[in-house]
file final-v1.cif (mmCIF, C-alpha atoms)
data_input
#
loop_
_atom_site.label_atom_id
_atom_site.label_comp_id
_atom_site.auth_asym_id
_atom_site.auth_seq_id
_atom_site.Cartn_x
_atom_site.Cartn_y
_atom_site.Cartn_z
CA MET A 1 -79.49 -37.87 -7.83
CA LEU A 2 -75.97 -36.52 -7.83
CA LYS A 3 -75.42 -32.78 -7.39
CA LEU A 4 -72.13 -31.06 -8.09
CA TYR A 5 -71.17 -27.70 -6.66
CA TYR A 6 -68.67 -25.96 -8.90
CA ALA A 7 -67.30 -22.63 -10.00
CA PRO A 8 -65.95 -21.79 -13.46
CA ASN A 9 -62.18 -21.92 -13.96
CA THR A 10 -61.65 -24.19 -10.96
CA CYS A 11 -60.57 -27.81 -10.65
CA ALA A 12 -64.26 -28.74 -10.31
CA LEU A 13 -64.26 -28.92 -14.12
CA ALA A 14 -62.68 -32.39 -13.92
CA SER A 15 -65.56 -33.75 -11.84
CA HIS A 16 -68.09 -31.95 -14.03
CA ILE A 17 -66.72 -33.55 -17.21
CA THR A 18 -66.62 -36.96 -15.55
CA LEU A 19 -70.25 -36.69 -14.45
CA GLU A 20 -71.17 -35.96 -18.05
CA GLU A 21 -69.00 -38.84 -19.32
CA VAL A 22 -70.57 -41.48 -17.08
CA GLY A 23 -74.05 -40.52 -18.26
CA ALA A 24 -75.46 -40.29 -14.76
CA PRO A 25 -78.40 -38.04 -13.98
CA TYR A 26 -76.93 -35.07 -12.13
CA SER A 27 -77.35 -31.40 -11.56
CA ALA A 28 -74.61 -28.80 -11.34
CA GLU A 29 -74.91 -25.71 -9.17
CA ARG A 30 -72.57 -22.82 -9.77
CA LEU A 31 -71.16 -20.92 -6.80
CA ASP A 32 -70.40 -17.21 -7.10
CA PHE A 33 -66.76 -17.01 -6.05
CA ARG A 34 -66.69 -13.23 -6.65
CA ASN A 35 -69.14 -12.84 -3.79
CA ASN A 36 -67.35 -15.51 -1.73
CA GLN A 37 -70.37 -17.82 -1.81
CA GLN A 38 -68.03 -20.75 -1.09
CA ASN A 39 -67.66 -19.39 2.44
CA SER A 40 -71.37 -18.63 2.99
CA ALA A 41 -73.04 -20.28 5.97
CA ASP A 42 -75.26 -22.35 3.67
CA TYR A 43 -72.39 -23.76 1.66
CA LEU A 44 -70.15 -24.41 4.65
CA LYS A 45 -72.87 -26.76 5.91
CA ILE A 46 -72.33 -28.77 2.71
CA ASN A 47 -68.55 -28.46 2.57
CA PRO A 48 -66.86 -27.10 5.71
CA LYS A 49 -63.68 -26.61 3.70
CA GLY A 50 -65.28 -23.80 1.71
CA ARG A 51 -63.99 -25.14 -1.57
CA VAL A 52 -65.22 -26.76 -4.75
CA PRO A 53 -65.87 -29.36 -5.97
CA ALA A 54 -68.36 -30.96 -3.61
CA LEU A 55 -70.50 -33.84 -4.81
CA VAL A 56 -73.74 -34.46 -2.97
CA THR A 57 -74.74 -38.12 -3.18
CA ASP A 58 -77.40 -40.30 -1.57
CA GLY A 59 -74.63 -41.56 0.73
CA GLY A 60 -73.32 -38.19 1.80
CA VAL A 61 -71.15 -35.35 0.56
CA LEU A 62 -67.85 -36.11 -1.11
CA THR A 63 -64.99 -33.64 -1.53
CA GLU A 64 -61.48 -33.69 -3.07
CA THR A 65 -61.16 -34.23 -6.81
CA PRO A 66 -59.20 -37.54 -6.79
CA ALA A 67 -61.81 -39.08 -4.48
CA ILE A 68 -64.76 -37.83 -6.54
CA LEU A 69 -63.22 -39.07 -9.79
CA ALA A 70 -62.46 -42.54 -8.40
CA PHE A 71 -65.94 -42.71 -6.88
CA LEU A 72 -67.56 -41.98 -10.25
CA ALA A 73 -65.35 -44.55 -12.01
CA GLN A 74 -66.25 -47.20 -9.43
CA SER A 75 -69.95 -46.31 -9.30
CA PHE A 76 -70.38 -46.38 -13.09
CA PRO A 77 -68.12 -49.25 -14.17
CA LYS A 78 -69.74 -49.49 -17.63
CA ALA A 79 -68.15 -46.15 -18.50
CA LYS A 80 -64.73 -47.83 -18.09
CA LEU A 81 -63.04 -44.75 -16.69
CA ALA A 82 -60.46 -46.64 -14.61
CA PRO A 83 -58.82 -50.10 -14.59
CA LEU A 84 -60.91 -51.20 -11.62
CA ASP A 85 -59.82 -54.85 -11.61
CA ASP A 86 -56.07 -54.23 -11.63
CA PRO A 87 -54.75 -52.76 -8.34
CA MET A 88 -51.44 -51.66 -9.87
CA ALA A 89 -53.01 -50.00 -12.90
CA PHE A 90 -55.64 -48.38 -10.69
CA ALA A 91 -52.86 -47.17 -8.39
CA GLN A 92 -51.04 -45.55 -11.31
CA VAL A 93 -54.25 -43.67 -12.13
CA GLN A 94 -54.45 -42.57 -8.52
CA SER A 95 -50.79 -41.61 -8.52
CA ILE A 96 -51.24 -39.26 -11.46
CA ASN A 97 -54.36 -37.69 -10.00
CA SER A 98 -52.62 -37.31 -6.64
CA TYR A 99 -49.71 -35.54 -8.36
CA LEU A 100 -52.09 -33.22 -10.20
CA CYS A 101 -53.85 -32.43 -6.93
CA SER A 102 -50.98 -32.06 -4.48
CA THR A 103 -48.18 -30.72 -6.70
CA VAL A 104 -49.52 -29.18 -9.92
CA HIS A 105 -52.70 -27.58 -8.59
CA VAL A 106 -50.80 -26.40 -5.51
CA ALA A 107 -48.10 -24.78 -7.68
CA HIS A 108 -50.80 -22.95 -9.65
CA ALA A 109 -52.64 -21.87 -6.50
CA HIS A 110 -49.70 -19.73 -5.43
CA LYS A 111 -50.68 -17.19 -8.09
CA GLN A 112 -53.98 -16.14 -6.48
CA ARG A 113 -54.11 -17.91 -3.13
CA GLY A 114 -50.78 -17.06 -1.57
CA TYR A 115 -52.58 -15.93 1.59
CA ARG A 116 -53.04 -19.59 2.46
CA TRP A 117 -49.32 -19.90 3.14
CA ALA A 118 -48.00 -16.38 3.79
CA THR A 119 -49.08 -12.94 4.95
CA GLU A 120 -47.01 -10.23 3.25
CA GLU A 121 -47.78 -8.64 -0.13
CA THR A 122 -44.10 -8.96 -1.05
CA SER A 123 -44.38 -12.74 -0.57
CA PHE A 124 -47.46 -12.91 -2.78
CA ALA A 125 -45.63 -11.01 -5.51
CA ASP A 126 -42.63 -13.34 -5.17
CA MET A 127 -44.93 -16.36 -5.44
CA LYS A 128 -46.58 -14.98 -8.57
CA ARG A 129 -43.21 -14.47 -10.23
CA LYS A 130 -42.34 -18.12 -9.56
CA ILE A 131 -45.47 -19.55 -11.25
CA PRO A 132 -44.08 -19.87 -14.81
CA GLU A 133 -41.04 -21.76 -13.47
CA SER A 134 -42.90 -24.12 -11.15
CA MET A 135 -45.71 -24.88 -13.60
CA THR A 136 -43.21 -25.38 -16.43
CA ALA A 137 -41.34 -27.91 -14.27
CA CYS A 138 -44.55 -29.77 -13.44
CA PHE A 139 -45.62 -29.99 -17.05
CA ALA A 140 -42.16 -30.94 -18.28
CA LEU A 141 -42.48 -34.02 -16.05
CA ILE A 142 -46.00 -34.68 -17.33
CA GLU A 143 -44.91 -34.32 -20.97
CA ARG A 144 -41.85 -36.56 -20.49
CA ASP A 145 -42.99 -39.21 -18.02
CA LEU A 146 -46.71 -39.26 -17.28
CA LEU A 147 -48.72 -38.64 -20.46
CA LYS A 148 -48.47 -41.83 -22.48
CA GLY A 149 -50.76 -40.79 -25.33
CA PRO A 150 -53.18 -40.65 -26.87
CA TRP A 151 -54.73 -40.54 -23.39
CA VAL A 152 -52.85 -40.13 -20.13
CA MET A 153 -52.78 -43.85 -19.39
CA GLY A 154 -52.40 -44.92 -23.04
CA GLU A 155 -55.14 -46.30 -25.24
CA GLN A 156 -57.85 -46.14 -22.59
CA TYR A 157 -59.51 -42.85 -21.62
CA THR A 158 -59.59 -42.63 -17.80
CA ILE A 159 -60.33 -40.24 -14.95
CA CYS A 160 -56.80 -38.87 -15.38
CA ASP A 161 -57.78 -37.23 -18.66
CA PRO A 162 -60.36 -34.67 -17.52
CA TYR A 163 -58.12 -33.80 -14.57
CA LEU A 164 -55.03 -33.20 -16.72
CA TYR A 165 -57.19 -31.22 -19.16
CA THR A 166 -58.49 -29.06 -16.30
CA VAL A 167 -55.11 -28.29 -14.79
CA GLY A 168 -53.58 -27.85 -18.25
CA GLY A 169 -56.20 -25.22 -18.99
CA TRP A 170 -54.32 -22.87 -16.66
CA LEU A 171 -51.03 -22.99 -18.59
CA GLU A 172 -51.37 -19.87 -20.75
CA GLY A 173 -52.45 -17.79 -17.77
CA ASP A 174 -49.53 -19.17 -15.82
CA GLY A 175 -46.98 -18.08 -18.44
CA VAL A 176 -45.94 -21.55 -19.56
CA ASP A 177 -44.50 -21.97 -23.07
CA LEU A 178 -46.84 -24.46 -24.74
CA SER A 179 -44.52 -24.98 -27.72
CA ARG A 180 -42.46 -27.30 -25.53
CA LEU A 181 -45.48 -29.39 -24.61
CA PRO A 182 -46.71 -30.93 -27.88
CA LYS A 183 -48.21 -34.01 -26.21
CA VAL A 184 -50.09 -31.90 -23.68
CA VAL A 185 -51.43 -29.64 -26.46
CA ALA A 186 -52.53 -32.63 -28.57
CA HIS A 187 -54.22 -34.10 -25.51
CA ARG A 188 -56.13 -30.85 -24.98
CA GLN A 189 -57.37 -30.91 -28.57
CA ARG A 190 -58.39 -34.55 -28.21
CA MET A 191 -60.35 -33.70 -25.06
CA GLU A 192 -62.16 -30.80 -26.69
CA ALA A 193 -63.35 -33.11 -29.46
CA ARG A 194 -65.30 -35.15 -26.92
CA PRO A 195 -69.03 -34.34 -26.77
CA ALA A 196 -69.08 -34.50 -22.96
CA VAL A 197 -66.34 -31.87 -22.74
CA ALA A 198 -68.10 -29.56 -25.19
CA THR A 199 -71.34 -29.88 -23.24
CA VAL A 200 -69.72 -29.02 -19.94
CA LEU A 201 -67.65 -26.14 -21.32
CA ALA A 202 -70.80 -24.63 -22.82
CA GLU A 203 -72.57 -24.89 -19.48
CA GLU A 204 -69.71 -23.48 -17.41
CA LYS A 205 -69.19 -20.57 -19.81
CA ALA A 206 -72.89 -19.73 -20.13
CA MET B 1 -40.84 -58.42 -3.32
CA LEU B 2 -41.88 -54.90 -2.46
CA LYS B 3 -39.18 -52.32 -1.77
CA LEU B 4 -39.88 -48.96 -0.16
CA TYR B 5 -37.58 -45.97 -0.47
CA TYR B 6 -38.02 -43.66 2.50
CA ALA B 7 -36.35 -41.05 4.66
CA PRO B 8 -36.98 -40.49 8.36
CA ASN B 9 -39.41 -37.71 9.32
CA THR B 10 -41.10 -37.71 5.92
CA CYS B 11 -44.55 -38.75 4.77
CA ALA B 12 -43.04 -42.08 3.69
CA LEU B 13 -43.73 -43.23 7.25
CA ALA B 14 -47.39 -43.82 6.34
CA SER B 15 -46.45 -46.27 3.58
CA HIS B 16 -43.82 -47.88 5.81
CA ILE B 17 -46.34 -48.55 8.58
CA THR B 18 -48.88 -49.87 6.08
CA LEU B 19 -46.35 -52.31 4.59
CA GLU B 20 -45.73 -53.61 8.09
CA GLU B 21 -49.47 -53.82 8.81
CA VAL B 22 -50.34 -55.90 5.74
CA GLY B 23 -47.67 -58.46 6.63
CA ALA B 24 -46.14 -58.46 3.16
CA PRO B 25 -42.50 -59.36 2.63
CA TYR B 26 -40.77 -56.05 1.92
CA SER B 27 -37.51 -54.24 2.30
CA ALA B 28 -37.07 -50.57 3.20
CA GLU B 29 -34.14 -48.53 1.96
CA ARG B 30 -33.33 -45.26 3.62
CA LEU B 31 -32.26 -42.28 1.52
CA ASP B 32 -29.83 -39.75 2.94
CA PHE B 33 -31.68 -36.46 2.52
CA ARG B 34 -28.81 -34.51 4.13
CA ASN B 35 -26.66 -35.47 1.17
CA ASN B 36 -29.54 -34.93 -1.27
CA GLN B 37 -29.60 -38.60 -2.24
CA GLN B 38 -33.20 -38.17 -3.43
CA ASN B 39 -31.83 -36.16 -6.35
CA SER B 40 -28.96 -38.52 -7.18
CA ALA B 41 -28.85 -39.94 -10.70
CA ASP B 42 -29.47 -43.44 -9.39
CA TYR B 43 -32.58 -42.50 -7.45
CA LEU B 44 -34.01 -40.27 -10.18
CA LYS B 45 -34.08 -43.36 -12.39
CA ILE B 46 -36.42 -44.90 -9.84
CA ASN B 47 -38.46 -41.78 -9.09
CA PRO B 48 -37.95 -38.84 -11.48
CA LYS B 49 -39.74 -36.60 -8.98
CA GLY B 50 -36.83 -36.88 -6.53
CA ARG B 51 -39.14 -37.50 -3.60
CA VAL B 52 -40.14 -40.22 -1.19
CA PRO B 53 -41.97 -42.51 -0.83
CA ALA B 54 -41.40 -44.70 -3.87
CA LEU B 55 -42.58 -48.29 -3.82
CA VAL B 56 -40.89 -50.70 -6.20
CA THR B 57 -43.22 -53.55 -7.14
CA ASP B 58 -43.13 -56.40 -9.65
CA GLY B 59 -45.45 -54.29 -11.79
CA GLY B 60 -43.41 -51.10 -11.70
CA VAL B 61 -42.64 -48.17 -9.43
CA LEU B 62 -45.43 -46.42 -7.60
CA THR B 63 -45.26 -42.91 -6.12
CA GLU B 64 -47.61 -40.60 -4.19
CA THR B 65 -48.75 -41.65 -0.73
CA PRO B 66 -52.51 -41.92 -1.37
CA ALA B 67 -51.86 -44.19 -4.36
CA ILE B 68 -49.41 -46.41 -2.47
CA LEU B 69 -51.76 -46.76 0.50
CA ALA B 70 -54.76 -47.68 -1.67
CA PHE B 71 -52.61 -50.10 -3.65
CA LEU B 72 -51.54 -51.91 -0.48
CA ALA B 73 -55.12 -52.05 0.80
CA GLN B 74 -56.34 -53.52 -2.51
CA SER B 75 -53.41 -55.91 -2.90
CA PHE B 76 -53.75 -57.32 0.61
CA PRO B 77 -57.51 -57.41 1.19
CA LYS B 78 -57.21 -59.75 4.17
CA ALA B 79 -55.65 -56.92 6.14
CA LYS B 80 -58.96 -55.03 5.77
CA LEU B 81 -57.34 -51.62 5.53
CA ALA B 82 -60.07 -50.04 3.39
CA PRO B 83 -63.78 -50.62 2.64
CA LEU B 84 -63.00 -52.07 -0.78
CA ASP B 85 -66.51 -53.20 -1.63
CA ASP B 86 -68.26 -49.89 -0.93
CA PRO B 87 -67.42 -47.14 -3.46
CA MET B 88 -68.74 -44.33 -1.24
CA ALA B 89 -66.91 -45.51 1.89
CA PHE B 90 -63.75 -46.09 -0.14
CA ALA B 91 -64.13 -42.60 -1.62
CA GLN B 92 -64.35 -41.10 1.87
CA VAL B 93 -61.06 -42.82 2.72
CA GLN B 94 -59.58 -41.39 -0.45
CA SER B 95 -60.99 -37.96 0.33
CA ILE B 96 -59.28 -37.85 3.71
CA ASN B 97 -55.97 -39.06 2.31
CA SER B 98 -56.22 -36.55 -0.52
CA TYR B 99 -56.80 -33.75 2.00
CA LEU B 100 -53.80 -34.88 4.07
CA CYS B 101 -51.67 -34.92 0.91
CA SER B 102 -52.74 -31.79 -0.91
CA THR B 103 -53.67 -29.46 1.94
CA VAL B 104 -52.11 -30.55 5.25
CA HIS B 105 -48.76 -31.83 3.98
CA VAL B 106 -48.53 -28.83 1.65
CA ALA B 107 -49.15 -26.41 4.52
CA HIS B 108 -46.37 -28.08 6.53
CA ALA B 109 -43.98 -28.08 3.57
CA HIS B 110 -43.89 -24.29 3.55
CA LYS B 111 -41.67 -24.43 6.63
CA GLN B 112 -38.66 -26.00 4.94
CA ARG B 113 -39.50 -26.17 1.24
CA GLY B 114 -40.60 -22.62 0.47
CA TYR B 115 -38.18 -22.57 -2.48
CA ARG B 116 -40.70 -24.68 -4.38
CA TRP B 117 -43.05 -21.73 -4.58
CA ALA B 118 -40.97 -18.58 -4.04
CA THR B 119 -37.42 -17.24 -4.35
CA GLU B 120 -36.76 -14.60 -1.69
CA GLU B 121 -35.53 -15.27 1.85
CA THR B 122 -38.10 -12.79 3.15
CA SER B 123 -40.85 -14.92 1.61
CA PHE B 124 -39.46 -18.06 3.22
CA ALA B 125 -39.43 -16.32 6.61
CA ASP B 126 -43.02 -15.14 6.06
CA MET B 127 -44.08 -18.68 5.16
CA LYS B 128 -42.44 -20.08 8.29
CA ARG B 129 -44.28 -17.59 10.49
CA LYS B 130 -47.58 -18.73 8.97
CA ILE B 131 -47.09 -22.45 9.74
CA PRO B 132 -48.66 -22.50 13.22
CA GLU B 133 -51.78 -20.76 11.88
CA SER B 134 -52.21 -22.88 8.75
CA MET B 135 -51.49 -26.19 10.48
CA THR B 136 -53.77 -25.27 13.39
CA ALA B 137 -56.58 -24.57 10.91
CA CYS B 138 -56.02 -27.90 9.14
CA PHE B 139 -56.06 -29.87 12.37
CA ALA B 140 -59.06 -27.97 13.75
CA LEU B 141 -60.99 -29.29 10.74
CA ILE B 142 -59.61 -32.79 11.29
CA GLU B 143 -60.48 -32.73 15.01
CA ARG B 144 -63.99 -31.40 14.38
CA ASP B 145 -65.07 -33.07 11.13
CA LEU B 146 -62.79 -35.85 9.90
CA LEU B 147 -61.55 -37.97 12.80
CA LYS B 148 -64.52 -40.08 13.88
CA GLY B 149 -62.73 -42.10 16.54
CA PRO B 150 -61.38 -44.37 17.74
CA TRP B 151 -59.90 -44.57 14.21
CA VAL B 152 -60.22 -41.97 11.49
CA MET B 153 -63.10 -43.75 9.78
CA GLY B 154 -64.68 -45.03 12.99
CA GLU B 155 -64.46 -48.56 14.34
CA GLN B 156 -62.35 -49.89 11.47
CA TYR B 157 -58.62 -49.13 11.24
CA THR B 158 -57.86 -48.03 7.65
CA ILE B 159 -55.12 -46.52 5.48
CA CYS B 160 -56.21 -43.10 6.76
CA ASP B 161 -54.79 -43.88 10.20
CA PRO B 162 -51.07 -44.21 9.46
CA TYR B 163 -51.30 -41.15 7.20
CA LEU B 164 -52.96 -38.98 9.84
CA TYR B 165 -50.46 -40.27 12.41
CA THR B 166 -47.57 -39.34 10.10
CA VAL B 167 -48.76 -35.81 9.36
CA GLY B 168 -49.81 -35.33 12.98
CA GLY B 169 -46.27 -36.16 14.04
CA TRP B 170 -45.20 -32.76 12.73
CA LEU B 171 -47.52 -30.74 14.99
CA GLU B 172 -45.16 -29.89 17.85
CA GLY B 173 -42.46 -28.79 15.43
CA ASP B 174 -45.02 -26.70 13.61
CA GLY B 175 -46.03 -24.82 16.76
CA VAL B 176 -49.55 -26.20 17.04
CA ASP B 177 -51.24 -26.25 20.45
CA LEU B 178 -52.05 -29.92 21.05
CA SER B 179 -54.25 -29.19 24.06
CA ARG B 180 -57.02 -28.21 21.61
CA LEU B 181 -56.74 -31.50 19.74
CA PRO B 182 -57.70 -34.20 22.24
CA LYS B 183 -59.01 -36.63 19.61
CA VAL B 184 -55.86 -36.26 17.52
CA VAL B 185 -53.67 -36.86 20.60
CA ALA B 186 -55.68 -39.93 21.62
CA HIS B 187 -55.40 -41.24 18.06
CA ARG B 188 -51.63 -40.83 18.18
CA GLN B 189 -51.44 -42.82 21.41
CA ARG B 190 -53.66 -45.53 19.93
CA MET B 191 -51.38 -45.73 16.89
CA GLU B 192 -48.24 -46.05 19.00
CA ALA B 193 -49.74 -49.00 20.84
CA ARG B 194 -49.84 -50.97 17.58
CA PRO B 195 -46.96 -53.43 17.13
CA ALA B 196 -46.51 -52.50 13.44
CA VAL B 197 -46.04 -48.86 14.35
CA ALA B 198 -43.51 -49.65 17.06
CA THR B 199 -41.53 -51.86 14.68
CA VAL B 200 -41.36 -49.19 11.99
CA LEU B 201 -40.51 -46.36 14.40
CA ALA B 202 -37.66 -48.44 15.79
CA GLU B 203 -36.34 -49.06 12.30
CA GLU B 204 -36.63 -45.45 11.12
CA LYS B 205 -34.99 -44.11 14.28
CA ALA B 206 -32.16 -46.66 14.28
#

call {"tool": "encode", "arguments": {"input": "final-v1.cif", "output": "structure tokens"}}
result
Amino acid sequence: MLKLYYAPNTCALASHITLEEVGAPYSAERLDFRNNQQNSADYLKINPKGRVPALVTDGGVLTETPAILAFLAQSFPKAKLAPLDDPMAFAQVQSINSYLCSTVHVAHAHKQRGYRWATEETSFADMKRKIPESMTACFALIERDLLKGPWVMGEQYTICDPYLYTVGGWLEGDGVDLSRLPKVVAHRQRMEARPAVATVLAEEKA
Amino acid sequence: MLKLYYAPNTCALASHITLEEVGAPYSAERLDFRNNQQNSADYLKINPKGRVPALVTDGGVLTETPAILAFLAQSFPKAKLAPLDDPMAFAQVQSINSYLCSTVHVAHAHKQRGYRWATEETSFADMKRKIPESMTACFALIERDLLKGPWVMGEQYTICDPYLYTVGGWLEGDGVDLSRLPKVVAHRQRMEARPAVATVLAEEKA
């Protein structure tokens, strides 16, 4: 059985929603980030990176959101969460998820995790001030070029959707003006109407 | 025909090597980063992100290194650059490439591209001072946990190899002590013995 390690308000939400969407039997174990459980000796044996998500499978532990999402799409093809038979279309899915991972999530991370890339408090404060600008730029590109509608890739719901929803959930806290992002806001509402999303949100907020 | 936009000393090298490895007909066009050609009106029509690599295909433009590499592996299966028939093994390839993209490349980028995440010169200087520490931590994890040897995934050369080689090419400039990374150094030497790598290096350095 699949087991997901997650923490609320992290990017693990995308994997959590996708597990629920594919209908696979799975369990989800919450880590206590306030007590730094992600860096406990027990968890570092599972994921030496000390991060979430980590998906424990019969074939080993898998980390990194884009890899977990593609794995679930490929392992549960009946859920039709990616265009598996079309290398170019599949690559465009991967491209969006890679952008969300390496550019958008990274921009957001400078609000609370500046210590990964700098040392001084003045630098952390500078990074925090930049968040509204950098996240606004990321989402302007998403609104204009990436989100086709109604779902990210168009008519077909894919593994891009829970990931965009997850990262987009940080916008208010990051000081981004949502009135300029009507497609992103409509996408969020569409996501929250999905039973799988409601189920996972209820569990993560419990 | 495939066309790659690249610039020397960037992560586009991984896609460039992979194009050469698969034996596909392709052309490679160099952008002049010193004159900011990546943000020229002409190039922004190709890639609105203003970055490299961008791969122009018959089916559209593809960006983001992990997506380009997986696309080439899937489009040219005879080259056997990824375990395409095994979702878990393919996911582990994706996981490594995602880590290289979103953690290792990002750590490195704080040396020259701090303006993406901060505004003050003092912050940029702080970020630069942190590079040896953050890149050393990334490559300690790679040396210990990710690089199986002789290739990243073990006996089979995959799309992880040119990407690790590319990112690992920044280590000396980033002040990382290579004497603690014998597997990474041996991997680099193994890569440079490959004809495809030699061809691409000659072209990029010309």

call {"tool": "residues_around", "arguments": {"input": "final-v1.cif", "residues": "range 75-80 of chain A", "least_positions_apart": "3", "cutoff": "7 Å", "atoms": "all atoms listed in the file", "output": "number ranges by chain"}}
result
A: 22, 71-72; B: 87

call {"tool": "interface_residues", "arguments": {"input": "final-v1.cif", "of": "chain B", "to": "chain A", "cutoff": "6 Å", "atoms": "only C-alpha atoms", "output": "number ranges by chain"}}
result
B: 64, 67, 71, 87, 91, 94-95, 102, 117-118, 123, 126-127, 130

call {"tool": "residues_around", "arguments": {"input": "final-v1.cif", "residues": "Gln38 in chain B", "least_positions_apart": "5", "cutoff": "12 Å", "atoms": "only C-alpha atoms", "output": "compact mmCIF listing (two decimals) with C-alpha atoms, keeping the file's coordinate frame"}}
result
# COMPACT_ATOMS: atom_id res chain seq x y z
CA TYR B 5 -37.58 -45.97 -0.47
CA TYR B 6 -38.02 -43.66 2.50
CA ALA B 7 -36.35 -41.05 4.66
CA GLU B 29 -34.14 -48.53 1.96
CA ARG B 30 -33.33 -45.26 3.62
CA LEU B 31 -32.26 -42.28 1.52
CA ASP B 32 -29.83 -39.75 2.94
CA PHE B 33 -31.68 -36.46 2.52
CA TYR B 43 -32.58 -42.50 -7.45
CA LEU B 44 -34.01 -40.27 -10.18
CA LYS B 45 -34.08 -43.36 -12.39
CA ILE B 46 -36.42 -44.90 -9.84
CA ASN B 47 -38.46 -41.78 -9.09
CA PRO B 48 -37.95 -38.84 -11.48
CA LYS B 49 -39.74 -36.60 -8.98
CA GLY B 50 -36.83 -36.88 -6.53
CA ARG B 51 -39.14 -37.50 -3.60
CA VAL B 52 -40.14 -40.22 -1.19
CA PRO B 53 -41.97 -42.51 -0.83
CA ALA B 54 -41.40 -44.70 -3.87

call {"tool": "residues_around", "arguments": {"input": "final-v1.cif", "residues": "Gly154 in chain A", "least_positions_apart": "6", "cutoff": "12 Å", "atoms": "all atoms listed in the file", "output": "PDB file with C-alpha atoms, in the coordinates of the input"}}
result
ATOM      1  CA  ALA A  82     -60.460 -46.640 -14.610  1.00  0.00           C
ATOM      2  CA  PRO A  83     -58.820 -50.100 -14.590  1.00  0.00           C
ATOM      3  CA  ALA A  89     -53.010 -50.000 -12.900  1.00  0.00           C
ATOM      4  CA  GLN A  92     -51.040 -45.550 -11.310  1.00  0.00           C
ATOM      5  CA  VAL A  93     -54.250 -43.670 -12.130  1.00  0.00           C
ATOM      6  CA  LEU A 146     -46.710 -39.260 -17.280  1.00  0.00           C
ATOM      7  CA  LEU A 147     -48.720 -38.640 -20.460  1.00  0.00           C
ATOM      8  CA  LYS A 148     -48.470 -41.830 -22.480  1.00  0.00           C
ATOM      9  CA  CYS A 160     -56.800 -38.870 -15.380  1.00  0.00           C
ATOM     10  CA  ASP A 161     -57.780 -37.230 -18.660  1.00  0.00           C
ATOM     11  CA  HIS A 187     -54.220 -34.100 -25.510  1.00  0.00           C
TER      12      HIS A 187
END

call {"tool": "atom_distance", "arguments": {"input": "final-v1.cif", "atom1": "CA of Ala28 in chain A", "atom2": "CA of Leu4 in chain A"}}
result
4.7 Å

call {"tool": "atom_distance", "arguments": {"input": "final-v1.cif", "atom1": "CA of Ala198 in chain A", "atom2": "CA of Tyr163 in chain A"}}
result
15.2 Å

call {"tool": "closest_residue", "arguments": {"input": "final-v1.cif", "among": "A:Asp42, A:Asp174, A:Glu204, A:Glu143", "to": "Ala12 in chain A", "atoms": "all atoms listed in the file"}}
result
A:Glu204

call {"tool": "residues_around", "arguments": {"input": "final-v1.cif", "residues": "Met191 in chain B", "least_positions_apart": "3", "cutoff": "12 Å", "atoms": "all atoms listed in the file", "output": "ChimeraX atom specification"}}
result
/B:14,17-18,21,149-152,157-158,160-166,168-169,184-188,194-201

call {"tool": "atom_distance", "arguments": {"input": "final-v1.cif", "atom1": "CA of Lys3 in chain B", "atom2": "CA of Ser27 in chain B"}}
result
4.8 Å

call {"tool": "axis_aligned_box", "arguments": {"input": "final-v1.cif", "around": "range 116-135 of chain A", "padding_each_side": "4 Å", "output": "JSON"}}
result
{"center_x": -47.0, "center_y": -16.8, "center_z": -4.9, "size_x": 20.0, "size_y": 24.2, "size_z": 27.8}

call {"tool": "closest_residue", "arguments": {"input": "final-v1.cif", "among": "B:Gln112, B:Ser15, B:Ser40, B:Gln189", "to": "Leu55 in chain B", "atoms": "only C-alpha atoms"}}
result
B:Ser15

call {"tool": "build_atoms", "arguments": {"input": "final-v1.cif", "residues": "range 10-17 of chain A", "atoms": "N, CA and C atoms", "output": "PDB file, keeping the file's coordinate frame"}}
result
ATOM      1  N   THR A  10     -62.226 -23.485 -12.104  1.00  0.00           N
ATOM      2  CA  THR A  10     -61.650 -24.190 -10.960  1.00  0.00           C
ATOM      3  C   THR A  10     -61.456 -25.666 -11.329  1.00  0.00           C
ATOM      4  N   CYS A  11     -60.824 -26.395 -10.422  1.00  0.00           N
ATOM      5  CA  CYS A  11     -60.570 -27.810 -10.650  1.00  0.00           C
ATOM      6  C   CYS A  11     -61.856 -28.634 -10.661  1.00  0.00           C
ATOM      7  N   ALA A  12     -62.980 -28.019 -10.267  1.00  0.00           N
ATOM      8  CA  ALA A  12     -64.260 -28.740 -10.310  1.00  0.00           C
ATOM      9  C   ALA A  12     -64.619 -29.168 -11.722  1.00  0.00           C
ATOM     10  N   LEU A  13     -64.004 -28.552 -12.724  1.00  0.00           N
ATOM     11  CA  LEU A  13     -64.260 -28.920 -14.120  1.00  0.00           C
ATOM     12  C   LEU A  13     -64.006 -30.422 -14.359  1.00  0.00           C
ATOM     13  N   ALA A  14     -62.998 -30.966 -13.728  1.00  0.00           N
ATOM     14  CA  ALA A  14     -62.680 -32.390 -13.920  1.00  0.00           C
ATOM     15  C   ALA A  14     -63.841 -33.277 -13.477  1.00  0.00           C
ATOM     16  N   SER A  15     -64.415 -32.961 -12.331  1.00  0.00           N
ATOM     17  CA  SER A  15     -65.560 -33.750 -11.840  1.00  0.00           C
ATOM     18  C   SER A  15     -66.781 -33.525 -12.723  1.00  0.00           C
ATOM     19  N   HIS A  16     -66.950 -32.293 -13.182  1.00  0.00           N
ATOM     20  CA  HIS A  16     -68.090 -31.950 -14.030  1.00  0.00           C
ATOM     21  C   HIS A  16     -68.039 -32.759 -15.338  1.00  0.00           C
ATOM     22  N   ILE A  17     -66.883 -32.775 -15.969  1.00  0.00           N
ATOM     23  CA  ILE A  17     -66.720 -33.550 -17.210  1.00  0.00           C
ATOM     24  C   ILE A  17     -66.982 -35.036 -16.945  1.00  0.00           C
TER      25      ILE A  17
END
